[in-house]
Every structure is written in C-alpha cells, then in structure tokens.
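*Asks:* The structure that follows is given in the form of structure tokens.
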Amino acid sequence: MVMDSAFEPCDFVLFGAKGDLSRRKLLPSLYQLEKANLLHAGTKVIGVARQEYAVEEFVEIVKSNIEKFSGEPLCEDTWEALKARLDYVCIDMKNPKDYKKLEGHVDPSRTMVCYLATPPSIYGDICRGLHECDIIDESLRVVLEKPIGHDLASSKVINDQVAEFFDEKQIYRIDHYLGKETVLNLIALRFANSIFATNWDHNCIDHVQISVAESVGIEGRWGYFDDAGQMRDMVQNHLLQILTLVAMEPPTTLDADSIRDEKLKVLKALRTIDSSNVNEMTVRGQYTGGFVKGEEVPGYLDEPDANQSSRTETFVALKVLIDNWRWAGVPFYLRTGKRLPSKVSEVVIYFKRQPHNLFGESFSTLPPNKLVIRLQPDEGVEITVMNKVPGLTSKSSMDLQKSKLNLSFSEAFSEDRIADAYEKLLLEVMLGNQALFVRRDEVEQAWDWVDSILQAWRTSNEPPEPYQAGTWGPVASIGLLARENRSWYESKITKRKKK
Ligand SMILES: NC(=O)C1=CN([C@@H]2O[C@H](COP(=O)(O)OP(=O)(O)OC[C@H]3O[C@@H](n4cnc5c(N)ncnc54)[C@H](OP(=O)(O)O)[C@@H]3O)[C@@H](O)[C@H]2O)C=CC1
Ligand SMILES: O=C1O[C@H](COP(=O)(O)O)[C@@H](O)[C@H](O)[C@H]1O
C-alpha cells in the first residue's frame, strides 16, 4: 500500500503540538520514523500552539516528551536529526489573521501536511484560517482526528466545514486502529490465503466475536469521556472499522477507494438496532470500584471531576447482524470496555461444527474450529484443531485432543518492535496514500447506525448496569451469548517473549 513514488519532502504542520495526543503519540512517532530513516531528508516539522515560545523552548518541550513517552532511552543521533527539522509558530487557531504567521515557515512549493490534533470544534476555524492566508493548494493534505462529531448531524457539520476548503482526496480521517499491524493483517490473512478466502461466510462460520478490552479507566479525560461514552469513543470508530475489515467483500485492488467502497457496503448492511430490539441486541455497563491487576481503582462515578449522576456507559456489548448474502444468520458479537481485567483486542472466528460425528460418544459435541486473531498484545494468529492422540488403544474409536497451531508475530518475524499505529499512519499521510484513512461516507454511515442505538438507550431511560472494575463487564454481557448457547472467548494472553 506504500506508494514510493509519492515519497517527497513535506512541511508537516502539527496544530495542537502541545496537546496530549501530540505529546504521547505524534511526536514519539515522528521520532521513530526518524530513527527508521523514513522521513525524507527535506521534511520539516512545524509545531503550532497558542503559547508564545522561542523555537529553542519548543525543541526542549519536544525532547522531554519524546524522552517521557517513547518508552526507550533517547538515541542522540536520531534526536539531533529530528531537532534539525523542528520549527514553531504561535497561532490562536480561532483567529484567521494569525495564520499569516505561517509565512516564511512553510514553503508553498512543497507539499504541506496539516495535522489537526485539536478539538474537532475548531477544525472549521483552522481550515478557514489556512484558506484566508491563501496557503491552500491541491497538494495540501489535512489530517483529522477522531471523533468527527458527536452524532451524525454534528459530524456532517464538521465534514461540511472542512469540505468548504478541501477536496475529499486531501482529507485524511484518522482511526488509529487502521494503522495497527495486526488490523492490517486482517486483509492479508483473508485475501492472501485461499484456506480462509473460501471458508469465510455463513456456510462455514457460526459466529464472530470482536473484543477490545482495556484495563485503563478514563485517564483524567472525564470531560471528554463523559460526553462521549464507550459507544462513541470506541464502537463508532475502532470496532466498526475492525468489523468492516472482517466482513467486507474482496476489494478489486488495494487502492484507497476500492477498500473503502467495500467497507461502506458492510456498514450499510448492518441491521438497525432501535427501541424495538435494543434490549435483545445490546448491553451497556458502568464500572464500580474494584481491583485491576492487583491495584485498587475507583469506580467511574468516583473518578476525579466526576458527576455523580452520570449514566455514561464505560462498557458496551452488542449483537450485530449483517444483512447481506455472505453473512446471513451469522451474528457478530462486539464488546469493549474500560477497567476490564487486561488490555486485549482479539477477533475470534468460530467455524461451524461438523455435520456428523464419527468419533463416538465421548465426542458427542466436537468443539468447533476457532481462528483467533490476536490484535494486541502478543500479536499473532492461532487456530484450534482436533488431532488424534498418538498411540494404540483398545477402543475402536480414536482419542482426540484439541490442539493449537499458533503463529506469534514476535517469534515469526525478525522485527524487534511492532511499530505504533501512528507511525504507520503518519508515514502514509506523507506518502499520500488514503487507504488507511476513513472516508466521509463511512464516518457518516457509522454515525447513522450508532445514533439509532444511542437514541434507543435514551428512550429506554434505563441506567447502565454496574460491573466491578477488574471483571469482564456486566453479567448481562454473558447472557447476550448464553441465551444463544454461546460464550465469550476466554482470552489467554501471554506476555510477548522478549528476544
Ligand atoms: N489524547 C488522546 O489519546 C486521543 C485524542 N484524540 C483526538 O485528538 C485531538 C486532540 O486531543 P488531545 O491532544 O487529547 O487534546 P488536548 O486538549 O490535550 O490538546 C488540544 C490542543 O489544541 C490546542 N488548542 C485548542 N484550542 C486552541 C486554539 N483556539 N488555538 C490554539 N490552540 C488551541 C490546545 O492548546 P492549549 O494547550 O493551549 O489549551 C491543546 O494543546 C482531539 O480531536 C481528540 O479527540 C483521539 C484519540 C486519542
Ligand atoms: O481512541 C481511543 O483509543 C484508546 C485505545 O487505543 P489503544 O491503541 O490503546 O487500544 C482508548 O483508550 C481511548 O479512550 C480512545 O479515545
């Protein structure tokens, strides 16, 4: 998916360079790209924020953030190379006149990448400011962070504001899960292996589970999170994007629009969940105090700044049906939550049981084959299969045993680290490849589907079910599958083995 021909120097302008995302993810990712020699020699990085700083002060801020968040000792050579690219401009992003200050810091003859690591409420102001200082040409790319809006209506407003000045071909909407190696591997796994390509439908698959569990709480982001909830924060974007990659038809090519067209079709085929079926198809929960990894943690309502009467969900489980030929009758169960026992994201494909049992009474229910795609941590792929236990036996039937074919990425591949999703995505923007970014119609279709569930929850006026921090969510989440004689896959996460 990398287009080498597009590898050219650019002016990478980071709006919101002092914010949390920039500090924790974007600046360390630029550092890693530098370390891997993946930044063009001529590329510049221009931080934009509203405080006045001398460039030297900004450089020190960047250095301390990289030291703090890159998770490794600073490599002096890499740092010196990155430092030489850094520049800083102070702009009040709501003031259109301020954008003139970019003059002299960016080169109009080069590609400019504007990364908006700011609240979405000022995306429109930034686009207008860039327009009014006459800086936009067709080579300018604008990167938008999620969430784009709070619902379909507000997302349309933001998309319209950006579209006033930019063509869709210039807009890169981030969903960082699309930059994760293992999420990308879903495409390779499905379409580069005939064993899966031919067995990937309602004839062979019983159901699919997608779990994105987090052990963290809301990490001091009460203001943002309480307004969003886990449905907007995780399901509307990350989980639905994973689902589309698992469920989409083969794209004709790996071009951005071929992939995005297929993902959109899946989103359009999602069966509506509304007041008529919301109780049967959804579970939502809110954590109470408990223990995560042996540490006592407060409940959601006892987090700093909490509003004690909040009904915001921190856990969501859904039964999702895709009304198309391939997936007729195959439920996709999705779950995601904060303060669960561990951080683990997995896609589990449960294949159908054998139609007839040859193996005697002890195997009256042969367990189905399972394909477990571990997205994080201990990235890898595992298939459970039944094998004959070797050896002679006096019985006429065979003894069978469930075993695993296990591919661990850390053992199979020589890379000593898996790149962070943001490294991949920053690189793709600089290369001008939109395949790993979300198109406007996808975002809006996802909001349309999610809005209907949120509306049904509001109408029901029921509070989320409490679950103790450090458990796998409310009991009703177990019931969602149990009433269909199924159960959630119990993850057996092992720590990645260090080489
Ligand atoms: N943090 C995260 O982990 C994630 C964040 N995101 C998204 O990334 C974006 C940024 O989030 P995050 O970094 O957490 O937010 P922060 O609030 O930490 O950072 C936003 C930055 O924008 C600056 N800013 C806001 N208004 C103005 C203005 N008028 N003029 C100049 N600067 C301004 C702020 O400046 P100042 O410091 O002066 O207030 C701040 O540095 C959001 O869209 C968020 O939803 C998405 C996924 C994860
Ligand atoms: O976008 C978000 O994602 C993180 C989880 O991302 P991961 O890469 O650590 O799995 C989540 O914690 C955060 O609330 C959300 O805004």
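By order of appearance in the structure tokens: chains A, B, ..., then residues from 1 within every chain, and ligands from 1 in the order shown.
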Let me see if you get this right: every residue at most 10 Å from ligand 2, counting only C-alpha atoms and all ligand atoms, written as number ranges by chain.

*Replies:* A: 21, 145-147, 174-177, 179-180, 212-219, 221, 224-225, 228-230, 232-235, 237-238, 314, 337-338, 343-345, 375-377, 420-422

*Asks:* Output N, CA and C atoms for every residue in that selection, as a short mmCIF file (atom, residue, chain, number, x, y, z; two decimals), in the first residue's frame.

*Replies:*
data_model
loop_
_atom_site.label_atom_id
_atom_site.label_comp_id
_atom_site.auth_asym_id
_atom_site.auth_seq_id
_atom_site.Cartn_x
_atom_site.Cartn_y
_atom_site.Cartn_z
N LEU A 21 -2.35 14.27 22.73
CA LEU A 21 -2.09 13.33 21.63
C LEU A 21 -0.72 13.58 21.00
N GLU A 145 -8.44 14.22 13.40
CA GLU A 145 -8.50 13.20 14.45
C GLU A 145 -9.96 12.81 14.71
N LYS A 146 -10.13 11.65 15.26
CA LYS A 146 -11.46 11.24 15.71
C LYS A 146 -11.73 11.83 17.09
N PRO A 147 -12.92 11.98 17.58
CA PRO A 147 -14.15 11.67 16.87
C PRO A 147 -14.55 12.84 15.97
N ILE A 174 -8.34 10.08 10.64
CA ILE A 174 -7.60 9.05 11.39
C ILE A 174 -8.55 8.14 12.16
N ASP A 175 -8.33 6.84 12.05
CA ASP A 175 -8.81 5.89 13.04
C ASP A 175 -7.57 5.07 13.32
N HIS A 176 -6.95 5.29 14.48
CA HIS A 176 -5.60 4.73 14.63
C HIS A 176 -5.58 3.20 14.60
N TYR A 177 -6.74 2.55 14.80
CA TYR A 177 -6.74 1.09 14.69
C TYR A 177 -6.38 0.63 13.28
N GLY A 179 -4.05 1.71 11.61
CA GLY A 179 -2.59 1.72 11.48
C GLY A 179 -1.94 0.58 12.24
N LYS A 180 -2.74 -0.20 12.95
CA LYS A 180 -2.13 -1.30 13.72
C LYS A 180 -1.78 -2.44 12.77
N VAL A 212 -12.47 -5.67 22.29
CA VAL A 212 -11.40 -4.71 22.53
C VAL A 212 -11.52 -4.29 24.00
N ALA A 213 -10.74 -4.98 24.83
CA ALA A 213 -10.83 -4.74 26.27
C ALA A 213 -9.69 -3.83 26.70
N GLU A 214 -10.01 -2.91 27.60
CA GLU A 214 -8.98 -2.00 28.12
C GLU A 214 -8.91 -2.15 29.63
N SER A 215 -7.72 -2.13 30.18
CA SER A 215 -7.62 -2.18 31.64
C SER A 215 -7.62 -0.77 32.22
N VAL A 216 -7.30 0.22 31.39
CA VAL A 216 -7.29 1.60 31.89
C VAL A 216 -8.72 2.10 32.14
N GLY A 217 -8.80 3.16 32.94
CA GLY A 217 -10.08 3.84 33.12
C GLY A 217 -10.15 4.97 32.10
N ILE A 218 -10.51 6.14 32.58
CA ILE A 218 -10.66 7.24 31.61
C ILE A 218 -9.47 8.19 31.64
N GLU A 219 -8.46 7.86 32.43
CA GLU A 219 -7.17 8.55 32.37
C GLU A 219 -7.29 10.07 32.46
N ARG A 221 -9.58 11.99 31.60
CA ARG A 221 -10.29 12.66 30.50
C ARG A 221 -11.80 12.67 30.77
N TYR A 224 -14.08 14.90 28.41
CA TYR A 224 -14.30 14.34 27.07
C TYR A 224 -15.12 13.06 27.16
N PHE A 225 -14.69 12.15 28.05
CA PHE A 225 -15.28 10.82 28.01
C PHE A 225 -16.75 10.82 28.42
N ALA A 228 -18.86 11.51 25.70
CA ALA A 228 -18.79 10.54 24.59
C ALA A 228 -19.35 9.18 25.00
N GLY A 229 -18.73 8.55 26.01
CA GLY A 229 -19.10 7.19 26.38
C GLY A 229 -18.39 6.21 25.44
N GLN A 230 -18.41 4.94 25.85
CA GLN A 230 -17.65 3.92 25.12
C GLN A 230 -18.21 3.69 23.71
N ARG A 232 -19.37 6.00 21.54
CA ARG A 232 -18.80 6.98 20.60
C ARG A 232 -17.28 6.89 20.59
N ASP A 233 -16.69 6.59 21.75
CA ASP A 233 -15.23 6.61 21.87
C ASP A 233 -14.60 5.42 21.15
N MET A 234 -15.26 4.27 21.19
CA MET A 234 -14.60 3.05 20.67
C MET A 234 -15.42 2.32 19.59
N VAL A 235 -16.75 2.22 19.79
CA VAL A 235 -17.54 1.39 18.85
C VAL A 235 -17.71 2.10 17.52
N ASN A 237 -16.05 3.99 15.87
CA ASN A 237 -14.87 4.05 15.02
C ASN A 237 -14.12 2.71 15.03
N HIS A 238 -13.36 2.45 16.10
CA HIS A 238 -12.43 1.32 16.06
C HIS A 238 -13.13 -0.03 15.84
N THR A 314 -19.40 2.78 30.17
CA THR A 314 -17.96 2.53 30.01
C THR A 314 -17.74 1.14 29.42
N GLY A 337 -14.70 -2.33 26.70
CA GLY A 337 -14.95 -1.67 27.98
C GLY A 337 -13.68 -1.19 28.62
N LYS A 338 -13.86 -0.24 29.51
CA LYS A 338 -12.75 0.26 30.32
C LYS A 338 -12.74 -0.50 31.64
N LYS A 343 -5.66 -5.54 29.05
CA LYS A 343 -5.78 -4.90 27.74
C LYS A 343 -5.60 -6.00 26.70
N VAL A 344 -6.63 -6.26 25.97
CA VAL A 344 -6.54 -7.31 24.96
C VAL A 344 -7.57 -7.06 23.86
N SER A 345 -7.09 -7.12 22.61
CA SER A 345 -8.02 -6.99 21.48
C SER A 345 -7.89 -8.23 20.62
N LEU A 375 -5.02 -9.12 18.10
CA LEU A 375 -4.62 -7.80 17.60
C LEU A 375 -3.61 -7.15 18.52
N GLN A 376 -3.79 -7.30 19.82
CA GLN A 376 -2.83 -6.78 20.80
C GLN A 376 -3.18 -7.33 22.16
N PRO A 377 -2.27 -7.61 23.08
CA PRO A 377 -0.83 -7.69 22.82
C PRO A 377 -0.53 -9.10 22.30
N ASP A 420 4.18 1.51 16.25
CA ASP A 420 2.93 2.07 16.74
C ASP A 420 2.06 2.47 15.55
N ALA A 421 0.75 2.37 15.75
CA ALA A 421 -0.19 2.69 14.66
C ALA A 421 0.06 4.08 14.09
N TYR A 422 0.37 5.04 14.96
CA TYR A 422 0.56 6.41 14.48
C TYR A 422 1.79 6.54 13.59
#

*Asks:* To check your reading of the model: which residues sit at most 7 Å from ligand 1 when counting only C-alpha atoms and all ligand atoms? Write the answer as number ranges by chain.

*Replies:* A: 15-22, 49-51, 91-94, 117-120, 122, 145-147

*Asks:* Keeping only N, CA and C atoms, write the selected residues as a compact mmCIF listing (two decimals), in the first residue's frame.

*Replies:*
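Resulting contents of out_1.txt:
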# COMPACT_ATOMS: atom_id res chain seq x y z
N PHE A 15 -0.84 21.12 14.32
CA PHE A 15 -1.71 22.02 15.09
C PHE A 15 -2.08 21.32 16.40
N GLY A 16 -1.86 22.01 17.52
CA GLY A 16 -2.12 21.36 18.82
C GLY A 16 -0.88 20.61 19.28
N ALA A 17 0.30 21.18 18.98
CA ALA A 17 1.57 20.46 19.22
C ALA A 17 1.86 20.28 20.70
N LYS A 18 1.10 20.97 21.56
CA LYS A 18 1.36 20.82 23.00
C LYS A 18 0.32 19.94 23.67
N GLY A 19 -0.61 19.45 22.90
CA GLY A 19 -1.71 18.67 23.47
C GLY A 19 -1.29 17.24 23.82
N ASP A 20 -2.21 16.55 24.45
CA ASP A 20 -1.95 15.19 24.95
C ASP A 20 -1.58 14.22 23.81
N LEU A 21 -2.35 14.27 22.73
CA LEU A 21 -2.09 13.33 21.63
C LEU A 21 -0.72 13.58 21.00
N SER A 22 -0.40 14.85 20.81
CA SER A 22 0.90 15.19 20.23
C SER A 22 2.02 14.70 21.13
N ALA A 49 0.91 26.06 18.32
CA ALA A 49 0.09 26.10 19.53
C ALA A 49 -0.12 27.56 19.89
N ARG A 50 -0.92 27.80 20.94
CA ARG A 50 -1.27 29.20 21.16
C ARG A 50 -0.35 29.95 22.14
N GLN A 51 0.57 29.23 22.79
CA GLN A 51 1.53 29.94 23.66
C GLN A 51 2.71 30.42 22.84
N ILE A 91 -0.01 30.40 17.14
CA ILE A 91 -1.23 30.84 16.45
C ILE A 91 -2.43 30.63 17.37
N ASP A 92 -3.28 31.62 17.49
CA ASP A 92 -4.58 31.37 18.10
C ASP A 92 -5.45 30.86 16.95
N MET A 93 -5.78 29.59 17.01
CA MET A 93 -6.40 28.95 15.84
C MET A 93 -7.79 29.49 15.52
N LYS A 94 -8.35 30.24 16.46
CA LYS A 94 -9.67 30.81 16.19
C LYS A 94 -9.55 32.17 15.51
N ALA A 117 -4.42 18.11 15.55
CA ALA A 117 -4.51 17.40 16.85
C ALA A 117 -5.13 18.36 17.86
N THR A 118 -6.33 18.80 17.55
CA THR A 118 -7.04 19.80 18.35
C THR A 118 -8.47 19.32 18.55
N PRO A 119 -9.25 19.98 19.39
CA PRO A 119 -10.66 19.60 19.47
C PRO A 119 -11.31 19.76 18.09
N PRO A 120 -12.18 18.82 17.70
CA PRO A 120 -12.84 18.90 16.40
C PRO A 120 -13.65 20.19 16.23
N ILE A 122 -12.76 23.07 16.49
CA ILE A 122 -12.04 24.16 15.81
C ILE A 122 -11.45 23.72 14.45
N GLU A 145 -8.44 14.22 13.40
CA GLU A 145 -8.50 13.20 14.45
C GLU A 145 -9.96 12.81 14.71
N LYS A 146 -10.13 11.65 15.26
CA LYS A 146 -11.46 11.24 15.71
C LYS A 146 -11.73 11.83 17.09
N PRO A 147 -12.92 11.98 17.58
CA PRO A 147 -14.15 11.67 16.87
C PRO A 147 -14.55 12.84 15.97

*Asks:* If you take only C-alpha atoms and a cut-off of 9 Å, which residues of range 378-494 of chain A touch range 256-271 of chain A, and what are their nearest atom pairs and distances in Å to one decimal, in chain and number order, as a Markdown table?

*Replies:*
| residue | atom | partner | partner_atom | distance |
| --- | --- | --- | --- | --- |
| A:Asn433 | CA | A:Ala256 | CA | 7.2 |
| A:Gln434 | CA | A:Ala256 | CA | 5.4 |
| A:Ala435 | CA | A:Ala256 | CA | 3.6 |
| A:Leu436 | CA | A:Ala256 | CA | 7.2 |
| A:Phe437 | CA | A:Ala256 | CA | 8.1 |
| A:Val438 | CA | A:Arg260 | CA | 7.4 |
| A:Arg439 | CA | A:Arg260 | CA | 6.9 |
| A:Asp441 | CA | A:Leu264 | CA | 7.3 |
| A:Glu442 | CA | A:Leu264 | CA | 5.4 |
| A:Gln445 | CA | A:Leu267 | CA | 6.4 |
| A:Ala446 | CA | A:Leu267 | CA | 6.4 |
| A:Trp449 | CA | A:Leu270 | CA | 7.6 |

*Asks:* Quick one: write out the picked residues with N, CA and C atoms as a tab-separated table (two decimals), in the first residue's frame?

*Replies:*
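Produced file again-v9.tsv, reproduced below:
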chain	number	residue	atom	x	y	z
A	433	ASN	N	-1.14	8.32	0.69
A	433	ASN	CA	-1.97	7.14	0.47
A	433	ASN	C	-3.16	7.15	1.44
A	434	GLN	N	-4.37	7.25	0.91
A	434	GLN	CA	-5.55	7.38	1.77
A	434	GLN	C	-6.16	6.05	2.21
A	435	ALA	N	-5.57	4.92	1.80
A	435	ALA	CA	-6.24	3.64	2.04
A	435	ALA	C	-6.51	3.37	3.51
A	436	LEU	N	-5.64	3.85	4.39
A	436	LEU	CA	-5.82	3.54	5.81
A	436	LEU	C	-6.56	4.66	6.55
A	437	PHE	N	-7.25	5.49	5.80
A	437	PHE	CA	-7.99	6.59	6.41
A	437	PHE	C	-9.47	6.44	6.05
A	438	VAL	N	-10.30	7.06	6.87
A	438	VAL	CA	-11.73	6.78	6.75
A	438	VAL	C	-12.39	7.87	5.89
A	439	ARG	N	-13.17	7.41	4.92
A	439	ARG	CA	-13.83	8.36	4.02
A	439	ARG	C	-15.07	8.94	4.69
A	441	ASP	N	-18.17	9.20	3.81
A	441	ASP	CA	-19.40	8.42	3.83
A	441	ASP	C	-19.35	7.28	4.84
A	442	GLU	N	-18.14	6.74	5.08
A	442	GLU	CA	-18.01	5.70	6.10
A	442	GLU	C	-18.32	6.26	7.49
A	445	GLN	N	-22.03	6.96	7.78
A	445	GLN	CA	-22.83	5.73	7.86
A	445	GLN	C	-22.71	5.11	9.26
A	446	ALA	N	-21.47	5.13	9.78
A	446	ALA	CA	-21.25	4.56	11.13
A	446	ALA	C	-22.04	5.36	12.17
A	449	TRP	N	-25.78	4.50	12.15
A	449	TRP	CA	-26.11	3.23	12.82
A	449	TRP	C	-26.02	3.38	14.34

*Asks:* Have a look at A:Val320, A:Met398, A:Val475, A:Val348 and name the one nearest to Glu382 in chain A; count only C-alpha atoms.

*Replies:*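 Closest candidate: A:Val348.
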
*Asks:* Hey, which of A:Asp378, A:Glu67, A:Glu423, A:Asp87 ends up closest to Phe12 in chain A? Count only C-alpha atoms.

*Replies:*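 With only C-alpha atoms as the atom set, the closest residue is A:Asp87.
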
*Asks:* So that I can check the secondary structure, give me every residue of range 170-324 of chain A assigned alpha helix (DSSP H) by backbone DSSP, as a PyMOL selection string.

*Replies:* chain A and resi 181-191+194-197+222-230+240-247+256-269+278-281

*Asks:* Limited to N, CA and C atoms, could you put the picked residues into a file as a short mmCIF file (atom, residue, chain, number, x, y, z; two decimals), in the first residue's frame?

*Replies:*
data_model
loop_
_atom_site.label_atom_id
_atom_site.label_comp_id
_atom_site.auth_asym_id
_atom_site.auth_seq_id
_atom_site.Cartn_x
_atom_site.Cartn_y
_atom_site.Cartn_z
N GLU A 181 -0.58 -2.96 12.92
CA GLU A 181 -0.10 -4.03 12.03
C GLU A 181 -1.08 -5.19 11.95
N THR A 182 -1.61 -5.58 13.10
CA THR A 182 -2.44 -6.76 13.12
C THR A 182 -3.82 -6.50 12.53
N VAL A 183 -4.27 -5.26 12.59
CA VAL A 183 -5.56 -4.94 11.96
C VAL A 183 -5.36 -4.99 10.44
N LEU A 184 -4.23 -4.45 9.98
CA LEU A 184 -3.92 -4.52 8.55
C LEU A 184 -3.77 -5.97 8.10
N ASN A 185 -3.25 -6.78 9.01
CA ASN A 185 -3.04 -8.18 8.66
C ASN A 185 -4.35 -8.91 8.38
N LEU A 186 -5.48 -8.35 8.84
CA LEU A 186 -6.77 -8.98 8.52
C LEU A 186 -6.95 -9.08 7.01
N ILE A 187 -6.47 -8.04 6.30
CA ILE A 187 -6.62 -8.04 4.84
C ILE A 187 -5.73 -9.13 4.25
N ALA A 188 -4.51 -9.22 4.76
CA ALA A 188 -3.59 -10.24 4.23
C ALA A 188 -4.11 -11.64 4.55
N LEU A 189 -4.53 -11.82 5.78
CA LEU A 189 -4.99 -13.14 6.20
C LEU A 189 -6.16 -13.61 5.34
N ARG A 190 -7.09 -12.72 5.13
CA ARG A 190 -8.30 -13.11 4.39
C ARG A 190 -8.04 -13.31 2.91
N PHE A 191 -7.26 -12.42 2.31
CA PHE A 191 -7.21 -12.41 0.85
C PHE A 191 -5.92 -12.97 0.27
N SER A 194 -5.99 -18.93 0.53
CA SER A 194 -7.24 -19.50 -0.01
C SER A 194 -7.98 -20.31 1.05
N ILE A 195 -7.24 -20.85 2.02
CA ILE A 195 -7.91 -21.63 3.08
C ILE A 195 -8.97 -20.78 3.79
N PHE A 196 -8.69 -19.48 3.95
CA PHE A 196 -9.69 -18.62 4.59
C PHE A 196 -10.62 -18.00 3.56
N ALA A 197 -10.06 -17.59 2.43
CA ALA A 197 -10.87 -16.89 1.44
C ALA A 197 -12.10 -17.71 1.06
N TRP A 222 -12.19 12.93 32.01
CA TRP A 222 -13.62 12.87 32.35
C TRP A 222 -14.46 13.75 31.42
N GLY A 223 -14.02 14.99 31.23
CA GLY A 223 -14.79 15.96 30.46
C GLY A 223 -15.11 15.42 29.07
N TYR A 224 -14.08 14.90 28.41
CA TYR A 224 -14.30 14.34 27.07
C TYR A 224 -15.12 13.06 27.16
N PHE A 225 -14.69 12.15 28.05
CA PHE A 225 -15.28 10.82 28.01
C PHE A 225 -16.75 10.82 28.42
N ASP A 226 -17.08 11.61 29.44
CA ASP A 226 -18.45 11.54 29.92
C ASP A 226 -19.45 12.01 28.87
N ASP A 227 -18.97 12.88 27.99
CA ASP A 227 -19.82 13.35 26.91
C ASP A 227 -19.90 12.31 25.79
N ALA A 228 -18.86 11.51 25.70
CA ALA A 228 -18.79 10.54 24.59
C ALA A 228 -19.35 9.18 25.00
N GLY A 229 -18.73 8.55 26.01
CA GLY A 229 -19.10 7.19 26.38
C GLY A 229 -18.39 6.21 25.44
N GLN A 230 -18.41 4.94 25.85
CA GLN A 230 -17.65 3.92 25.12
C GLN A 230 -18.21 3.69 23.71
N LEU A 240 -16.15 -0.75 14.70
CA LEU A 240 -16.83 -0.89 13.40
C LEU A 240 -15.81 -1.01 12.26
N GLN A 241 -14.67 -0.35 12.39
CA GLN A 241 -13.65 -0.49 11.35
C GLN A 241 -13.11 -1.93 11.32
N ILE A 242 -12.87 -2.50 12.50
CA ILE A 242 -12.40 -3.90 12.52
C ILE A 242 -13.46 -4.79 11.89
N LEU A 243 -14.71 -4.56 12.29
CA LEU A 243 -15.80 -5.38 11.74
C LEU A 243 -15.84 -5.29 10.21
N THR A 244 -15.68 -4.09 9.67
CA THR A 244 -15.77 -3.98 8.21
C THR A 244 -14.63 -4.75 7.53
N LEU A 245 -13.45 -4.75 8.15
CA LEU A 245 -12.34 -5.49 7.52
C LEU A 245 -12.56 -7.00 7.59
N VAL A 246 -13.22 -7.44 8.65
CA VAL A 246 -13.50 -8.88 8.76
C VAL A 246 -14.60 -9.27 7.77
N ALA A 247 -15.55 -8.37 7.56
CA ALA A 247 -16.76 -8.77 6.84
C ALA A 247 -16.80 -8.35 5.38
N ALA A 256 -7.16 3.00 -2.17
CA ALA A 256 -7.98 3.55 -1.08
C ALA A 256 -9.48 3.35 -1.36
N ASP A 257 -9.94 3.75 -2.53
CA ASP A 257 -11.39 3.71 -2.74
C ASP A 257 -11.92 2.30 -2.94
N SER A 258 -11.12 1.39 -3.46
CA SER A 258 -11.60 0.01 -3.57
C SER A 258 -11.89 -0.54 -2.18
N ILE A 259 -10.96 -0.32 -1.27
CA ILE A 259 -11.16 -0.83 0.10
C ILE A 259 -12.32 -0.09 0.77
N ARG A 260 -12.35 1.22 0.61
CA ARG A 260 -13.37 1.99 1.33
C ARG A 260 -14.77 1.73 0.79
N ASP A 261 -14.86 1.47 -0.52
CA ASP A 261 -16.18 1.11 -1.08
C ASP A 261 -16.71 -0.16 -0.41
N GLU A 262 -15.82 -1.14 -0.25
CA GLU A 262 -16.27 -2.41 0.34
C GLU A 262 -16.62 -2.26 1.81
N LYS A 263 -15.83 -1.45 2.52
CA LYS A 263 -16.15 -1.24 3.95
C LYS A 263 -17.50 -0.55 4.09
N LEU A 264 -17.74 0.41 3.21
CA LEU A 264 -19.01 1.15 3.28
C LEU A 264 -20.21 0.21 3.08
N LYS A 265 -20.05 -0.74 2.14
CA LYS A 265 -21.18 -1.66 1.88
C LYS A 265 -21.53 -2.44 3.15
N VAL A 266 -20.51 -2.82 3.92
CA VAL A 266 -20.78 -3.55 5.17
C VAL A 266 -21.55 -2.66 6.13
N LEU A 267 -21.09 -1.42 6.27
CA LEU A 267 -21.77 -0.50 7.20
C LEU A 267 -23.23 -0.30 6.81
N LYS A 268 -23.45 -0.27 5.49
CA LYS A 268 -24.83 -0.07 5.01
C LYS A 268 -25.70 -1.29 5.27
N ALA A 269 -25.03 -2.46 5.38
CA ALA A 269 -25.82 -3.70 5.57
C ALA A 269 -26.06 -4.03 7.04
N VAL A 278 -33.47 -3.15 21.02
CA VAL A 278 -32.26 -2.73 21.73
C VAL A 278 -31.96 -3.62 22.95
N ASN A 279 -33.00 -4.10 23.64
CA ASN A 279 -32.74 -4.91 24.84
C ASN A 279 -32.17 -6.27 24.48
N GLU A 280 -32.58 -6.75 23.34
CA GLU A 280 -32.12 -8.08 22.90
C GLU A 280 -30.70 -8.00 22.31
N MET A 281 -30.34 -6.85 21.74
CA MET A 281 -29.08 -6.76 20.98
C MET A 281 -27.96 -6.02 21.69
#

*Asks:* Counting only C-alpha atoms, which of A:Gly47, A:Gly149, A:Pro73, A:Pro304 gets nearest to Gly220 in chain A?

*Replies:*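 Counting only C-alpha atoms, the residue closest to Gly220 in chain A is A:Pro304.
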
*Asks:* Residues of range 81-247 of chain A in strand (DSSP E or B) according to DSSP, as a PyMOL selection string?

*Replies:* chain A and resi 86-90+103+106+111-116+141-144+171-173+205-213

*Asks:* Could you save those same residues with C-alpha atoms as a compact mmCIF listing (two decimals), in the first residue's frame?

*Replies:*
# COMPACT_ATOMS: atom_id res chain seq x y z
CA LEU A 86 11.78 21.42 14.14
CA ASP A 87 10.21 24.84 13.97
CA TYR A 88 7.43 26.57 15.94
CA VAL A 89 4.69 29.08 15.20
CA CYS A 90 2.33 30.57 17.79
CA GLU A 103 4.55 32.56 6.03
CA VAL A 106 6.35 26.76 5.20
CA THR A 111 3.54 19.50 -0.05
CA MET A 112 2.07 20.67 3.23
CA VAL A 113 0.53 18.22 5.69
CA CYS A 114 -1.65 19.88 8.35
CA TYR A 115 -2.34 17.53 11.28
CA LEU A 116 -5.23 18.83 13.38
CA ARG A 141 -3.32 17.37 2.98
CA VAL A 142 -5.34 17.79 6.14
CA VAL A 143 -5.41 15.11 8.83
CA LEU A 144 -8.45 14.99 11.13
CA ILE A 171 -8.69 14.74 3.74
CA TYR A 172 -7.16 12.01 5.92
CA ARG A 173 -9.52 10.97 8.75
CA ILE A 205 -18.76 -19.61 10.04
CA ASP A 206 -21.08 -19.91 13.02
CA HIS A 207 -20.37 -16.54 14.58
CA VAL A 208 -17.67 -13.92 15.07
CA GLN A 209 -16.50 -12.21 18.25
CA ILE A 210 -14.63 -8.90 18.35
CA SER A 211 -13.35 -7.86 21.77
CA VAL A 212 -11.40 -4.71 22.53
CA ALA A 213 -10.83 -4.74 26.27

*Asks:* Could you please determine the separation between CA of Lys319 in chain A and CA of Leu334 in chain A in Å, to one decimal place?

*Replies:* 6.5 Å

*Asks:* So how far away is CA of Ile148 in chain A from CA of Ser70 in chain A, in Å?

*Replies:*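 CA of Ser70 in chain A sits 27.1 Å away from CA of Ile148 in chain A.
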
*Asks:* Would you compute the distance between CA of Leu39 in chain A and CA of Tyr123 in chain A? Give it in Å to one decimal.

*Replies:*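 That distance, rounded to one decimal, is 26.1 Å.
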
*Asks:* For Gly473 in chain A, which residue among A:Lys97, A:Arg339, A:Arg326, A:Lys83 is the nearest when counting only C-alpha atoms?

*Replies:* A:Arg339
